[in-house]
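Structure data (compact mmCIF, N, CA and C atoms) from start10.txt:
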# COMPACT_ATOMS: atom_id res chain seq x y z
N MET Q 234 38.84 150.06 -41.55
CA MET Q 234 38.74 149.82 -42.95
C MET Q 234 39.69 150.73 -43.73
N ARG Q 235 40.73 151.12 -43.04
CA ARG Q 235 41.72 152.00 -43.66
C ARG Q 235 42.36 151.35 -44.88
N SER Q 236 42.53 150.05 -44.85
CA SER Q 236 43.13 149.37 -45.99
C SER Q 236 42.27 149.51 -47.24
N ALA Q 237 40.97 149.34 -47.11
CA ALA Q 237 40.05 149.48 -48.24
C ALA Q 237 40.03 150.93 -48.73
N TRP Q 238 40.00 151.85 -47.80
CA TRP Q 238 39.98 153.27 -48.11
C TRP Q 238 41.24 153.65 -48.89
N THR Q 239 42.38 153.20 -48.40
CA THR Q 239 43.65 153.49 -49.06
C THR Q 239 43.71 152.86 -50.45
N SER Q 240 43.25 151.64 -50.57
CA SER Q 240 43.27 150.96 -51.86
C SER Q 240 42.43 151.70 -52.89
N ALA Q 241 41.24 152.11 -52.52
CA ALA Q 241 40.37 152.84 -53.45
C ALA Q 241 40.98 154.18 -53.85
N ARG Q 242 41.56 154.87 -52.89
CA ARG Q 242 42.18 156.17 -53.18
C ARG Q 242 43.40 155.99 -54.10
N ALA Q 243 44.21 154.97 -53.83
CA ALA Q 243 45.41 154.72 -54.63
C ALA Q 243 45.04 154.33 -56.06
N LYS Q 244 44.01 153.53 -56.21
CA LYS Q 244 43.56 153.14 -57.54
C LYS Q 244 43.11 154.38 -58.31
N ARG Q 245 42.35 155.24 -57.66
CA ARG Q 245 41.85 156.47 -58.30
C ARG Q 245 43.00 157.34 -58.80
N CYS Q 246 44.08 157.39 -58.03
CA CYS Q 246 45.20 158.26 -58.37
C CYS Q 246 46.24 157.57 -59.26
N GLY Q 247 45.95 156.36 -59.70
CA GLY Q 247 46.79 155.69 -60.67
C GLY Q 247 48.05 155.02 -60.14
N PHE Q 248 48.08 154.70 -58.86
CA PHE Q 248 49.24 154.00 -58.31
C PHE Q 248 49.29 152.59 -58.89
N TYR Q 249 50.50 152.12 -59.14
CA TYR Q 249 50.69 150.79 -59.71
C TYR Q 249 50.73 149.77 -58.58
N PHE Q 250 49.62 149.04 -58.44
CA PHE Q 250 49.52 147.96 -57.47
C PHE Q 250 48.28 147.15 -57.85
N ASP Q 251 48.11 146.00 -57.21
CA ASP Q 251 46.97 145.14 -57.49
C ASP Q 251 45.97 145.24 -56.34
N PRO Q 252 44.86 145.97 -56.52
CA PRO Q 252 43.88 146.12 -55.44
C PRO Q 252 43.31 144.78 -54.95
N ALA Q 253 43.13 143.83 -55.86
CA ALA Q 253 42.59 142.52 -55.46
C ALA Q 253 43.59 141.77 -54.57
N LYS Q 254 44.87 141.89 -54.89
CA LYS Q 254 45.90 141.23 -54.09
C LYS Q 254 45.98 141.87 -52.69
N LEU Q 255 45.86 143.19 -52.63
CA LEU Q 255 45.87 143.87 -51.34
C LEU Q 255 44.67 143.43 -50.51
N ARG Q 256 43.50 143.33 -51.12
CA ARG Q 256 42.30 142.87 -50.42
C ARG Q 256 42.50 141.46 -49.89
N THR Q 257 43.02 140.58 -50.73
CA THR Q 257 43.25 139.19 -50.31
C THR Q 257 44.23 139.13 -49.15
N SER Q 258 45.29 139.89 -49.23
CA SER Q 258 46.30 139.90 -48.17
C SER Q 258 45.71 140.42 -46.85
N TYR Q 259 44.97 141.51 -46.94
CA TYR Q 259 44.36 142.07 -45.73
C TYR Q 259 43.35 141.10 -45.12
N LEU Q 260 42.51 140.52 -45.94
CA LEU Q 260 41.50 139.60 -45.41
C LEU Q 260 42.13 138.33 -44.85
N ALA Q 261 43.24 137.88 -45.42
CA ALA Q 261 43.95 136.73 -44.85
C ALA Q 261 44.49 137.07 -43.46
N TYR Q 262 44.99 138.28 -43.32
CA TYR Q 262 45.45 138.76 -42.01
C TYR Q 262 44.31 138.72 -40.99
N GLU Q 263 43.16 139.25 -41.39
CA GLU Q 263 42.01 139.27 -40.49
C GLU Q 263 41.48 137.87 -40.20
N ALA Q 264 41.55 136.98 -41.17
CA ALA Q 264 41.05 135.60 -40.99
C ALA Q 264 41.82 134.87 -39.90
N ARG Q 265 43.08 135.21 -39.73
CA ARG Q 265 43.90 134.57 -38.69
C ARG Q 265 43.50 135.03 -37.29
N GLN Q 266 42.76 136.14 -37.21
CA GLN Q 266 42.44 136.71 -35.91
C GLN Q 266 40.95 136.67 -35.56
N ALA Q 267 40.10 136.48 -36.55
CA ALA Q 267 38.66 136.63 -36.33
C ALA Q 267 37.94 135.29 -36.49
N SER Q 268 36.80 135.19 -35.80
CA SER Q 268 35.95 134.01 -35.97
C SER Q 268 35.20 134.14 -37.30
N GLY Q 269 34.49 133.10 -37.68
CA GLY Q 269 33.76 133.10 -38.95
C GLY Q 269 32.80 134.25 -39.08
N GLU Q 270 32.01 134.51 -38.05
CA GLU Q 270 31.03 135.59 -38.11
C GLU Q 270 31.72 136.95 -38.14
N GLN Q 271 32.73 137.10 -37.33
CA GLN Q 271 33.48 138.36 -37.31
C GLN Q 271 34.15 138.60 -38.66
N TYR Q 272 34.71 137.53 -39.22
CA TYR Q 272 35.39 137.65 -40.51
C TYR Q 272 34.41 138.08 -41.60
N ALA Q 273 33.23 137.52 -41.60
CA ALA Q 273 32.22 137.88 -42.60
C ALA Q 273 31.88 139.37 -42.51
N LYS Q 274 31.80 139.90 -41.29
CA LYS Q 274 31.52 141.32 -41.10
C LYS Q 274 32.69 142.18 -41.60
N ILE Q 275 33.90 141.73 -41.34
CA ILE Q 275 35.09 142.46 -41.78
C ILE Q 275 35.15 142.48 -43.31
N GLU Q 276 34.89 141.35 -43.92
CA GLU Q 276 34.92 141.27 -45.38
C GLU Q 276 33.86 142.19 -46.00
N LYS Q 277 32.67 142.17 -45.44
CA LYS Q 277 31.60 143.03 -45.94
C LYS Q 277 31.96 144.51 -45.76
N ALA Q 278 32.51 144.85 -44.60
CA ALA Q 278 32.90 146.23 -44.32
C ALA Q 278 34.00 146.67 -45.29
N TYR Q 279 34.94 145.80 -45.58
CA TYR Q 279 36.01 146.14 -46.53
C TYR Q 279 35.40 146.48 -47.89
N ASP Q 280 34.57 145.59 -48.38
CA ASP Q 280 33.98 145.77 -49.70
C ASP Q 280 33.10 147.02 -49.77
N THR Q 281 32.34 147.27 -48.72
CA THR Q 281 31.47 148.45 -48.66
C THR Q 281 32.30 149.72 -48.64
N THR Q 282 33.35 149.73 -47.83
CA THR Q 282 34.23 150.89 -47.74
C THR Q 282 34.93 151.17 -49.06
N TYR Q 283 35.43 150.11 -49.69
CA TYR Q 283 36.12 150.27 -50.97
C TYR Q 283 35.17 150.86 -52.02
N LYS Q 284 33.97 150.32 -52.11
CA LYS Q 284 33.01 150.79 -53.10
C LYS Q 284 32.60 152.24 -52.84
N ALA Q 285 32.27 152.56 -51.60
CA ALA Q 285 31.84 153.92 -51.27
C ALA Q 285 32.95 154.93 -51.51
N THR Q 286 34.17 154.57 -51.13
CA THR Q 286 35.30 155.47 -51.34
C THR Q 286 35.57 155.66 -52.83
N SER Q 287 35.53 154.58 -53.58
CA SER Q 287 35.75 154.67 -55.03
C SER Q 287 34.74 155.59 -55.68
N GLU Q 288 33.50 155.44 -55.30
CA GLU Q 288 32.45 156.29 -55.88
C GLU Q 288 32.66 157.76 -55.52
N LYS Q 289 33.04 158.00 -54.28
CA LYS Q 289 33.22 159.38 -53.83
C LYS Q 289 34.40 160.06 -54.52
N VAL Q 290 35.55 159.40 -54.54
CA VAL Q 290 36.74 160.04 -55.09
C VAL Q 290 36.71 160.11 -56.61
N SER Q 291 35.96 159.25 -57.26
CA SER Q 291 35.90 159.29 -58.72
C SER Q 291 35.18 160.53 -59.22
N GLN Q 292 34.39 161.16 -58.39
CA GLN Q 292 33.63 162.34 -58.78
C GLN Q 292 34.44 163.63 -58.68
N ASP Q 293 35.58 163.57 -58.02
CA ASP Q 293 36.41 164.77 -57.81
C ASP Q 293 37.57 164.76 -58.81
N VAL Q 294 37.48 165.60 -59.82
CA VAL Q 294 38.52 165.63 -60.86
C VAL Q 294 39.86 166.13 -60.32
N ASP Q 295 39.85 166.88 -59.24
CA ASP Q 295 41.08 167.41 -58.64
C ASP Q 295 41.53 166.62 -57.42
N TYR Q 296 41.07 165.40 -57.29
CA TYR Q 296 41.34 164.62 -56.08
C TYR Q 296 42.82 164.33 -55.86
N CYS Q 297 43.53 164.02 -56.91
CA CYS Q 297 44.91 163.53 -56.77
C CYS Q 297 45.94 164.66 -56.78
N SER Q 298 45.87 165.53 -55.81
CA SER Q 298 46.86 166.60 -55.69
C SER Q 298 48.20 165.99 -55.27
N ASP Q 299 49.26 166.75 -55.42
CA ASP Q 299 50.59 166.27 -55.01
C ASP Q 299 50.61 165.91 -53.52
N ARG Q 300 50.01 166.75 -52.70
CA ARG Q 300 49.98 166.51 -51.25
C ARG Q 300 49.22 165.23 -50.92
N LYS Q 301 48.08 165.07 -51.55
CA LYS Q 301 47.26 163.88 -51.30
C LYS Q 301 47.97 162.63 -51.81
N ALA Q 302 48.64 162.72 -52.96
CA ALA Q 302 49.36 161.58 -53.52
C ALA Q 302 50.47 161.12 -52.57
N LEU Q 303 51.16 162.06 -51.95
CA LEU Q 303 52.20 161.68 -50.98
C LEU Q 303 51.60 160.96 -49.77
N GLU Q 304 50.48 161.43 -49.32
CA GLU Q 304 49.79 160.79 -48.19
C GLU Q 304 49.35 159.37 -48.56
N ILE Q 305 48.75 159.24 -49.72
CA ILE Q 305 48.28 157.93 -50.18
C ILE Q 305 49.45 156.99 -50.37
N LYS Q 306 50.54 157.49 -50.94
CA LYS Q 306 51.72 156.65 -51.18
C LYS Q 306 52.24 156.05 -49.87
N GLY Q 307 52.34 156.86 -48.84
CA GLY Q 307 52.82 156.35 -47.55
C GLY Q 307 51.90 155.28 -46.98
N ASP Q 308 50.60 155.54 -47.04
CA ASP Q 308 49.63 154.56 -46.54
C ASP Q 308 49.68 153.28 -47.36
N LEU Q 309 49.74 153.42 -48.69
CA LEU Q 309 49.75 152.24 -49.56
C LEU Q 309 51.00 151.40 -49.34
N GLU Q 310 52.14 152.03 -49.23
CA GLU Q 310 53.39 151.28 -48.98
C GLU Q 310 53.29 150.49 -47.68
N ARG Q 311 52.72 151.09 -46.66
CA ARG Q 311 52.56 150.41 -45.38
C ARG Q 311 51.63 149.19 -45.52
N HIS Q 312 50.52 149.36 -46.20
CA HIS Q 312 49.57 148.26 -46.38
C HIS Q 312 50.14 147.15 -47.27
N LEU Q 313 50.87 147.53 -48.30
CA LEU Q 313 51.49 146.51 -49.16
C LEU Q 313 52.55 145.71 -48.42
N ALA Q 314 53.11 146.30 -47.37
CA ALA Q 314 54.09 145.59 -46.53
C ALA Q 314 53.39 144.81 -45.42
N ALA Q 315 52.05 144.72 -45.49
CA ALA Q 315 51.23 143.97 -44.53
C ALA Q 315 51.26 144.60 -43.15
N ASP Q 316 51.43 145.91 -43.08
CA ASP Q 316 51.35 146.65 -41.83
C ASP Q 316 49.98 147.32 -41.79
N TYR Q 317 49.04 146.59 -41.20
CA TYR Q 317 47.66 147.09 -41.17
C TYR Q 317 47.38 147.79 -39.88
Write-out of the structure in structure tokens:
Amino acid sequence: MRSAWTSARAKRCGFYFDPAKLRTSYLAYEARQASGEQYAKIEKAYDTTYKATSEKVSQDVDYCSDRKALEIKGDLERHLAADY
């Protein structure tokens, strides 16, 4: 669920991207590989991970340090390029 985790962290730190588009792209990737039941679990796990991560990082006012922003940027660029 690294894609959901990265998306939530990037949104918190103000990166310019569309979290819904990233979710759609990632889930489309998984849909090509998973059965209906497996896909439903993946979708639920994505949404749960995104929500939990968003809640956690929103509470930390110092979350978006320069070091962390560089890490998030690299992960986000990879996910936006559909490298999951």
Write out, as CSV, each residue of stretch 242-281 of chain Q that has an atom at most 7 Å from stretch 297-313 of chain Q, together with the closest pair of atoms and their distance in Å to one decimal, counting all atoms listed in the file, rows going by chain and rising number.
residue,atom,partner,partner_atom,distance
Q:Arg242,C,Q:Ile305,CA,6.6
Q:Ala243,CA,Q:Ile305,CA,6.2
Q:Arg245,C,Q:Cys297,CA,6.8
Q:Cys246,CA,Q:Cys297,CA,5.5
Q:Leu255,CA,Q:Leu313,CA,6.6
Can those selected residues be exported to a file as a PDB file, in the coordinates of the input so that it contains N, CA and C atoms?
ATOM      1  N   ARG Q 242      41.560 154.870 -52.890  1.00  0.00           N
ATOM      2  CA  ARG Q 242      42.180 156.170 -53.180  1.00  0.00           C
ATOM      3  C   ARG Q 242      43.400 155.990 -54.100  1.00  0.00           C
ATOM      4  N   ALA Q 243      44.210 154.970 -53.830  1.00  0.00           N
ATOM      5  CA  ALA Q 243      45.410 154.720 -54.630  1.00  0.00           C
ATOM      6  C   ALA Q 243      45.040 154.330 -56.060  1.00  0.00           C
ATOM      7  N   ARG Q 245      42.350 155.240 -57.660  1.00  0.00           N
ATOM      8  CA  ARG Q 245      41.850 156.470 -58.300  1.00  0.00           C
ATOM      9  C   ARG Q 245      43.000 157.340 -58.800  1.00  0.00           C
ATOM     10  N   CYS Q 246      44.080 157.390 -58.030  1.00  0.00           N
ATOM     11  CA  CYS Q 246      45.200 158.260 -58.370  1.00  0.00           C
ATOM     12  C   CYS Q 246      46.240 157.570 -59.260  1.00  0.00           C
ATOM     13  N   LEU Q 255      45.860 143.190 -52.630  1.00  0.00           N
ATOM     14  CA  LEU Q 255      45.870 143.870 -51.340  1.00  0.00           C
ATOM     15  C   LEU Q 255      44.670 143.430 -50.510  1.00  0.00           C
TER      16      LEU Q 255
END
Need to verify the contact set: stretch 277-285 of chain Q, 6.5 Å, only N, CA and C atoms, exclusion of same-chain residues closer than 2 positions in sequence. Can you return it as a list in words?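 The contact residues come out as Met234, Ala237, Trp238, Ala241, Tyr272, Ala273, Lys274, Ile275, Ser287, Glu288, Lys289 and Val290 of chain Q.
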Atom CA of Q:Ser268 sits from atom C of Q:Pro252 at a separation of 23.0 Å
Determine which residues of chain Q receive a DSSP assignment of helix (DSSP H, G or I), computed from the backbone, and state them as a ChimeraX atom specification. /Q:235-245,252-264,269-291,299-313
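Comparing Q:Gln271, Q:Asp316, Q:Lys244, Q:Ser236 by their smallest distance to Q:Arg256, the closest is Q:Ser236 (using only C-alpha atoms).
Of note, atom N of Q:Phe248 and atom C of Q:Thr286 are spaced 13.9 Å apart.
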Enter the distance from atom CA of Q:Ala261 to atom CA of Q:Tyr249, in Å, rounded to one decimal. 21.5 Å
